[in-house]
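Chemist: Contents of query11.cif (mmCIF, C-alpha atoms) are below:
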```
data_upload
#
loop_
_atom_site.label_atom_id
_atom_site.label_comp_id
_atom_site.auth_asym_id
_atom_site.auth_seq_id
_atom_site.Cartn_x
_atom_site.Cartn_y
_atom_site.Cartn_z
CA MET N 1 0.00 0.00 0.00
CA SER N 2 2.76 2.34 0.85
CA SER N 3 4.41 1.82 -2.53
CA GLU N 4 1.13 2.43 -4.38
CA SER N 5 0.41 5.58 -2.39
CA SER N 6 3.89 6.93 -3.08
CA LYS N 7 3.38 6.39 -6.80
CA LYS N 8 0.07 8.23 -6.73
CA ARG N 9 1.51 11.26 -4.95
CA LYS N 10 1.93 14.33 -7.14
CA PRO N 11 5.06 16.44 -6.99
CA LYS N 12 4.81 19.69 -5.10
CA VAL N 13 4.67 22.88 -7.17
CA ILE N 14 6.24 25.97 -5.66
CA ARG N 15 4.24 29.02 -6.65
CA SER N 16 5.71 32.47 -6.65
CA ASP N 17 2.77 34.81 -7.04
CA GLY N 18 4.63 37.91 -5.92
CA ALA N 19 7.83 37.53 -8.00
CA PRO N 20 7.81 37.75 -11.80
CA ALA N 21 8.86 34.79 -13.87
CA GLU N 22 12.43 34.51 -15.06
CA GLY N 23 13.11 35.85 -18.54
CA LYS N 24 10.19 38.29 -18.33
CA ARG N 25 10.72 41.96 -17.60
CA ASN N 26 8.20 44.46 -16.44
CA ARG N 27 7.15 47.23 -18.81
CA SER N 28 7.97 49.85 -16.21
CA ASP N 29 11.58 48.62 -16.04
CA THR N 30 12.08 49.06 -19.77
CA GLU N 31 10.48 52.49 -19.67
CA GLN N 32 12.75 53.57 -16.83
CA GLU N 33 15.80 52.37 -18.73
CA GLY N 34 14.71 54.39 -21.80
CA LYS N 35 14.52 57.64 -19.84
CA TYR N 36 18.07 58.89 -19.47
CA TYR N 37 19.34 62.30 -18.43
CA SER N 38 20.49 64.64 -21.19
CA GLU N 39 21.87 68.13 -20.57
CA GLU N 40 21.29 69.05 -24.22
CA ALA N 41 17.56 68.50 -23.71
CA GLU N 42 17.67 70.34 -20.39
CA VAL N 43 19.16 73.46 -22.02
CA ASP N 44 15.91 74.11 -23.90
CA LEU N 45 13.94 74.01 -20.65
CA ARG N 46 16.22 76.26 -18.62
CA ASP N 47 16.20 80.05 -18.60
CA PRO N 48 19.63 81.58 -19.38
CA GLY N 49 18.80 84.59 -17.21
CA ARG N 50 18.07 82.42 -14.19
CA ASP N 51 21.22 80.41 -14.82
CA TYR N 52 23.19 83.65 -14.79
CA GLU N 53 21.58 84.66 -11.50
CA LEU N 54 22.36 81.20 -10.12
CA TYR N 55 25.96 81.62 -11.27
CA LYS N 56 26.32 84.93 -9.42
CA TYR N 57 24.65 83.51 -6.30
CA THR N 58 26.91 80.43 -6.36
CA CYS N 59 30.04 82.57 -6.66
CA GLN N 60 28.93 84.70 -3.73
CA GLU N 61 28.24 81.61 -1.63
CA LEU N 62 31.63 80.17 -2.51
CA GLN N 63 33.34 83.39 -1.47
CA ARG N 64 31.44 83.35 1.81
CA LEU N 65 32.27 79.70 2.51
CA MET N 66 35.95 80.20 1.67
CA ALA N 67 36.08 83.17 4.05
CA GLU N 68 34.39 81.15 6.81
CA ILE N 69 36.77 78.22 6.31
CA GLN N 70 39.73 80.58 6.49
CA ASP N 71 38.32 82.14 9.66
CA LEU N 72 37.73 78.75 11.29
CA LYS N 73 41.23 77.61 10.41
CA SER N 74 42.70 80.73 11.94
CA ARG N 75 40.88 80.00 15.22
CA GLY N 76 42.23 76.47 15.33
CA GLY N 77 41.08 73.72 17.63
CA LYS N 78 39.65 70.27 17.06
CA ASP N 79 36.10 71.48 17.61
CA MET N 80 36.24 73.46 14.37
CA ALA N 81 37.05 70.41 12.22
CA ILE N 82 33.41 69.36 11.88
CA GLU N 83 32.27 72.83 10.84
CA ILE N 84 35.14 73.13 8.37
CA GLU N 85 34.21 69.76 6.87
CA GLU N 86 30.57 70.83 6.49
CA ARG N 87 31.58 74.00 4.70
CA ARG N 88 33.92 72.04 2.45
CA ILE N 89 31.06 69.75 1.46
CA GLN N 90 28.88 72.79 0.70
CA SER N 91 31.71 74.27 -1.36
CA CYS N 92 32.02 71.04 -3.35
CA VAL N 93 28.30 71.18 -4.10
CA HIS N 94 28.66 74.76 -5.33
CA PHE N 95 31.64 73.78 -7.47
CA MET N 96 29.54 71.03 -9.05
CA THR N 97 26.86 73.63 -9.76
CA LEU N 98 29.42 75.88 -11.46
CA LYS N 99 30.66 72.98 -13.57
CA LYS N 100 27.13 72.18 -14.66
CA LEU N 101 26.44 75.82 -15.55
CA ASN N 102 29.66 75.86 -17.56
CA ARG N 103 28.60 72.77 -19.50
CA LEU N 104 25.17 74.27 -20.17
CA ALA N 105 26.77 77.50 -21.40
CA HIS N 106 28.98 75.56 -23.81
CA ILE N 107 25.97 73.61 -25.08
CA ARG N 108 24.05 76.87 -25.65
CA LEU N 109 27.04 78.32 -27.50
CA LYS N 110 27.32 75.23 -29.70
CA LYS N 111 23.60 75.29 -30.49
CA GLY N 112 23.79 78.98 -31.36
CA ARG N 113 26.72 78.36 -33.69
CA ASP N 114 24.92 75.45 -35.34
CA GLN N 115 21.80 77.53 -35.88
CA THR N 116 23.85 80.40 -37.31
CA HIS N 117 25.66 77.97 -39.60
CA GLU N 118 22.36 76.50 -40.80
CA ALA N 119 20.97 79.97 -41.49
CA LYS N 120 24.13 80.89 -43.40
CA GLN N 121 23.86 77.70 -45.45
CA LYS N 122 20.26 78.59 -46.34
CA VAL N 123 21.31 82.08 -47.45
CA ASP N 124 24.17 80.62 -49.50
CA ALA N 125 21.79 78.14 -51.10
CA TYR N 126 19.35 80.91 -52.04
CA HIS N 127 22.22 82.99 -53.42
CA LEU N 128 23.42 80.03 -55.49
CA GLN N 129 19.91 79.47 -56.84
CA LEU N 130 19.76 83.13 -57.84
CA GLN N 131 23.09 82.85 -59.63
CA ASN N 132 21.90 79.75 -61.48
CA LEU N 133 18.69 81.48 -62.55
CA LEU N 134 20.60 84.48 -63.85
CA TYR N 135 23.00 82.21 -65.69
CA GLU N 136 20.15 80.25 -67.28
CA GLU N 137 18.57 83.47 -68.50
CA GLY N 138 21.80 84.39 -70.24
CA LYS N 139 22.49 87.33 -67.95
CA TYR N 140 25.74 86.23 -66.42
CA TYR N 141 26.46 88.18 -63.29
CA SER N 142 29.85 89.88 -63.15
CA GLU N 143 30.93 92.02 -60.22
CA GLU N 144 33.76 93.54 -62.27
CA ALA N 145 31.18 94.96 -64.67
CA GLU N 146 28.94 96.03 -61.79
CA VAL N 147 31.73 98.10 -60.22
CA ASP N 148 31.61 100.58 -63.09
CA LEU N 149 27.87 101.07 -62.60
CA ARG N 150 27.92 101.53 -58.83
CA ASP N 151 28.66 104.73 -56.94
CA PRO N 152 31.45 104.31 -54.34
CA GLY N 153 29.81 106.95 -52.14
CA ARG N 154 26.53 105.05 -52.02
CA ASP N 155 28.39 101.83 -51.30
CA TYR N 156 30.07 103.54 -48.36
CA GLU N 157 26.68 104.70 -47.05
CA LEU N 158 25.35 101.16 -47.51
CA TYR N 159 28.35 99.85 -45.56
CA LYS N 160 27.64 102.17 -42.61
CA TYR N 161 23.93 101.32 -42.66
CA THR N 162 24.67 97.57 -42.76
CA CYS N 163 27.04 97.84 -39.79
CA GLN N 164 24.41 99.73 -37.79
CA GLU N 165 21.77 97.11 -38.62
CA LEU N 166 24.12 94.32 -37.58
CA GLN N 167 24.78 96.01 -34.25
CA ARG N 168 21.05 96.42 -33.70
CA LEU N 169 20.30 92.79 -34.57
CA MET N 170 23.10 91.51 -32.32
CA ALA N 171 21.73 93.58 -29.44
CA GLU N 172 18.20 92.25 -30.04
CA ILE N 173 19.44 88.65 -30.18
CA GLN N 174 21.32 89.16 -26.92
CA ASP N 175 18.21 90.65 -25.33
CA LEU N 176 16.00 87.79 -26.52
CA LYS N 177 18.50 85.22 -25.25
CA SER N 178 18.57 86.86 -21.84
CA ARG N 179 14.78 86.61 -21.62
CA GLY N 180 14.85 82.91 -22.48
CA GLY N 181 11.92 80.70 -23.32
CA LYS N 182 10.97 78.66 -26.37
CA ASP N 183 8.76 81.46 -27.71
CA MET N 184 11.83 83.56 -28.44
CA ALA N 185 13.48 80.89 -30.61
CA ILE N 186 11.54 81.88 -33.74
CA GLU N 187 12.35 85.58 -33.34
CA ILE N 188 16.01 84.78 -32.69
CA GLU N 189 16.11 82.62 -35.83
CA GLU N 190 14.59 85.42 -37.92
CA ARG N 191 17.15 87.92 -36.68
CA ARG N 192 19.94 85.46 -37.36
CA ILE N 193 18.80 85.10 -40.95
CA GLN N 194 18.68 88.89 -41.29
CA SER N 195 22.17 89.08 -39.83
CA CYS N 196 23.43 86.53 -42.34
CA VAL N 197 21.95 88.61 -45.17
CA HIS N 198 23.76 91.69 -43.85
CA PHE N 199 26.98 89.69 -43.61
CA MET N 200 26.55 88.71 -47.25
CA THR N 201 26.12 92.39 -48.10
CA LEU N 202 29.33 93.23 -46.26
CA LYS N 203 31.16 90.47 -48.12
CA LYS N 204 29.90 91.81 -51.44
CA LEU N 205 30.95 95.36 -50.57
CA ASN N 206 34.35 94.00 -49.57
CA ARG N 207 34.72 92.25 -52.92
CA LEU N 208 33.66 95.38 -54.79
CA ALA N 209 36.18 97.44 -52.82
CA HIS N 210 38.95 94.99 -53.74
CA ILE N 211 37.91 95.09 -57.40
CA ARG N 212 37.98 98.91 -57.33
CA LEU N 213 41.39 98.81 -55.70
CA LYS N 214 42.70 96.40 -58.33
CA LYS N 215 41.30 98.52 -61.15
CA GLY N 216 42.82 101.64 -59.61
CA ARG N 217 46.20 99.94 -59.37
CA ASP N 218 45.96 98.74 -62.97
CA GLN N 219 45.06 102.23 -64.19
CA THR N 220 47.90 103.74 -62.17
CA HIS N 221 50.31 101.16 -63.58
CA GLU N 222 49.17 101.92 -67.15
CA ALA N 223 49.55 105.66 -66.59
CA LYS N 224 53.01 105.10 -65.10
CA GLN N 225 54.01 103.02 -68.10
CA LYS N 226 52.86 105.82 -70.43
CA VAL N 227 54.85 108.39 -68.43
CA ASP N 228 57.92 106.14 -68.56
CA ALA N 229 57.51 105.77 -72.34
CA TYR N 230 57.21 109.54 -72.82
CA HIS N 231 60.22 110.08 -70.57
CA LEU N 232 62.24 107.58 -72.62
CA GLN N 233 61.26 109.35 -75.85
CA LEU N 234 62.29 112.66 -74.32
CA GLN N 235 65.66 111.22 -73.32
CA ASN N 236 66.17 109.92 -76.86
CA LEU N 237 65.31 113.32 -78.35
CA LEU N 238 67.66 115.10 -75.96
CA TYR N 239 70.41 112.65 -76.88
CA GLU N 240 69.82 113.30 -80.58
CA VAL N 241 69.84 117.08 -79.98
CA MET N 242 73.11 116.79 -78.09
CA HIS N 243 74.57 114.65 -80.86
CA LEU N 244 73.50 117.16 -83.53
CA GLN N 245 74.94 120.03 -81.53
CA LYS N 246 78.27 118.22 -81.37
CA GLU N 247 78.19 117.62 -85.12
CA ILE N 248 77.37 121.27 -85.78
CA THR N 249 80.22 122.34 -83.54
CA LYS N 250 82.61 120.05 -85.42
CA CYS N 251 81.45 121.46 -88.74
CA LEU N 252 81.94 125.04 -87.58
CA GLU N 253 85.42 124.28 -86.27
CA PHE N 254 86.45 122.54 -89.47
CA LYS N 255 88.90 124.61 -91.53
#
```
Step by step, read the file and then write its structure as structure tokens.
Modeler:
Amino acid sequence: MSSESSKKRKPKVIRSDGAPAEGKRNRSDTEQEGKYYSEEAEVDLRDPGRDYELYKYTCQELQRLMAEIQDLKSRGGKDMAIEIEERRIQSCVHFMTLKKLNRLAHIRLKKGRDQTHEAKQKVDAYHLQLQNLLYEEGKYYSEEAEVDLRDPGRDYELYKYTCQELQRLMAEIQDLKSRGGKDMAIEIEERRIQSCVHFMTLKKLNRLAHIRLKKGRDQTHEAKQKVDAYHLQLQNLLYEVMHLQKEITKCLEFK
């Protein structure tokens, strides 16, 4: 009987209702792993003005803590060691804050440069399309021919106006950046595009000025060559006159 009963017994099954089965992962675990910290994403959410205020506050706190540590060290005694250690820990926290603000500032600078570069590429692309259209129409654009049609005085006035506009746009961009916020990004981008257009104008005026300078040098060189040729002809004539005078003198002295 005992052998038959042992055969009929079923093996015990250990249930683990609370723990998940092996090889299966919760959905929340995978979602938590997918959410990682990124300072580049944090830059868009932070206000540059507040970061600047935090920077000034952190520097002031560091100065205060350094002064307190120096004061506690000057007093001496073992009782001051705990307070000095606490202030050192606070200083380390402030140093970490400064490092983070420095990284965020570099990220903002890189993003600004990238946006400016993209805007410049767009302007260059539009300028290239314009050149292609003019070339297809048979009206090939030549700045050397345009120099003769432009007034240097007006170009100088355009240069001064462009510089003033660039200064104004740079000041507006700086003001919008200090305000912060995503709403200002569109306005900043528009002013960057306008700045790139003004930079293209300055480059064109610079090229025209160099072309004028080259033409002026060429004209001066041609005039100098003409003067040298006339001077050489004059020297030849004077030499012939002197030679004739010598021959006349010889003829008069001949007996």
Chemist: Could the residues of range 73-124 of chain N that have an atom at most 12 Å from range 43-66 of chain N be listed as CSV, each with its closest atom pair and the distance in Å to one decimal, counting all atoms listed in the file and ordered by chain and ascending residue number?
Modeler:
```
residue,atom,partner,partner_atom,distance
N:Lys73,CA,N:Met66,CA,10.5
N:Glu83,CA,N:Leu65,CA,10.8
N:Ile84,CA,N:Leu65,CA,9.3
N:Glu85,CA,N:Leu65,CA,11.0
N:Glu86,CA,N:Leu65,CA,9.9
N:Arg87,CA,N:Leu65,CA,6.1
N:Arg88,CA,N:Leu65,CA,7.8
N:Ile89,CA,N:Leu65,CA,10.1
N:Gln90,CA,N:Leu65,CA,7.9
N:Ser91,CA,N:Leu62,CA,6.0
N:Cys92,CA,N:Leu62,CA,9.2
N:Val93,CA,N:Thr58,CA,9.6
N:His94,CA,N:Thr58,CA,6.0
N:Phe95,CA,N:Leu62,CA,8.1
N:Met96,CA,N:Thr58,CA,10.1
N:Thr97,CA,N:Thr58,CA,7.6
N:Leu98,CA,N:Tyr55,CA,6.7
N:Lys99,CA,N:Tyr55,CA,10.1
N:Lys100,CA,N:Tyr55,CA,10.1
N:Leu101,CA,N:Asp51,CA,7.0
N:Asn102,CA,N:Tyr55,CA,9.3
N:Arg103,CA,N:Val43,CA,9.8
N:Leu104,CA,N:Val43,CA,6.3
N:Ala105,CA,N:Pro48,CA,8.5
N:His106,CA,N:Val43,CA,10.2
N:Ile107,CA,N:Val43,CA,7.5
N:Arg108,CA,N:Val43,CA,7.0
N:Leu109,CA,N:Val43,CA,10.8
N:Lys110,CA,N:Val43,CA,11.3
N:Lys111,CA,N:Val43,CA,9.7
N:Gly112,CA,N:Val43,CA,11.8
```
Chemist: One decimal, Å: what's the distance from CA of Gln174 in chain N over to CA of Tyr126 in chain N, could you say?
Modeler: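 Atom-to-atom, CA of Gln174 in chain N and CA of Tyr126 in chain N are spaced 26.5 Å apart.
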Chemist: Do you have the CA of Cys163 in chain N-CA of Leu208 in chain N distance handy?
Modeler: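 Calculated distance between CA of Cys163 in chain N and CA of Leu208 in chain N is 16.6 Å.
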Chemist: Could you give me, as a PyMOL selection string, the residues within 9 Å of Glu189 in chain N, counting all atoms listed in the file and dropping anything in the same chain fewer than 5 positions from it?
Modeler: chain N and resi 115-116+119+173+184+194
Chemist: Find the distance between CA of Thr162 in chain N and CA of Leu202 in chain N and write it in Å to one decimal.
Modeler: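 Answer for the CA of Thr162 in chain N to CA of Leu202 in chain N separation: 7.3 Å.
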Chemist: Using all atoms listed in the file, which of the listed residues (N:Asp124, N:Glu143, N:Glu68, N:Glu247) sits closest to Asn206 in chain N?
Modeler: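 Comparing N:Asp124, N:Glu143, N:Glu68, N:Glu247 against Asn206 in chain N, the winner is N:Glu143.
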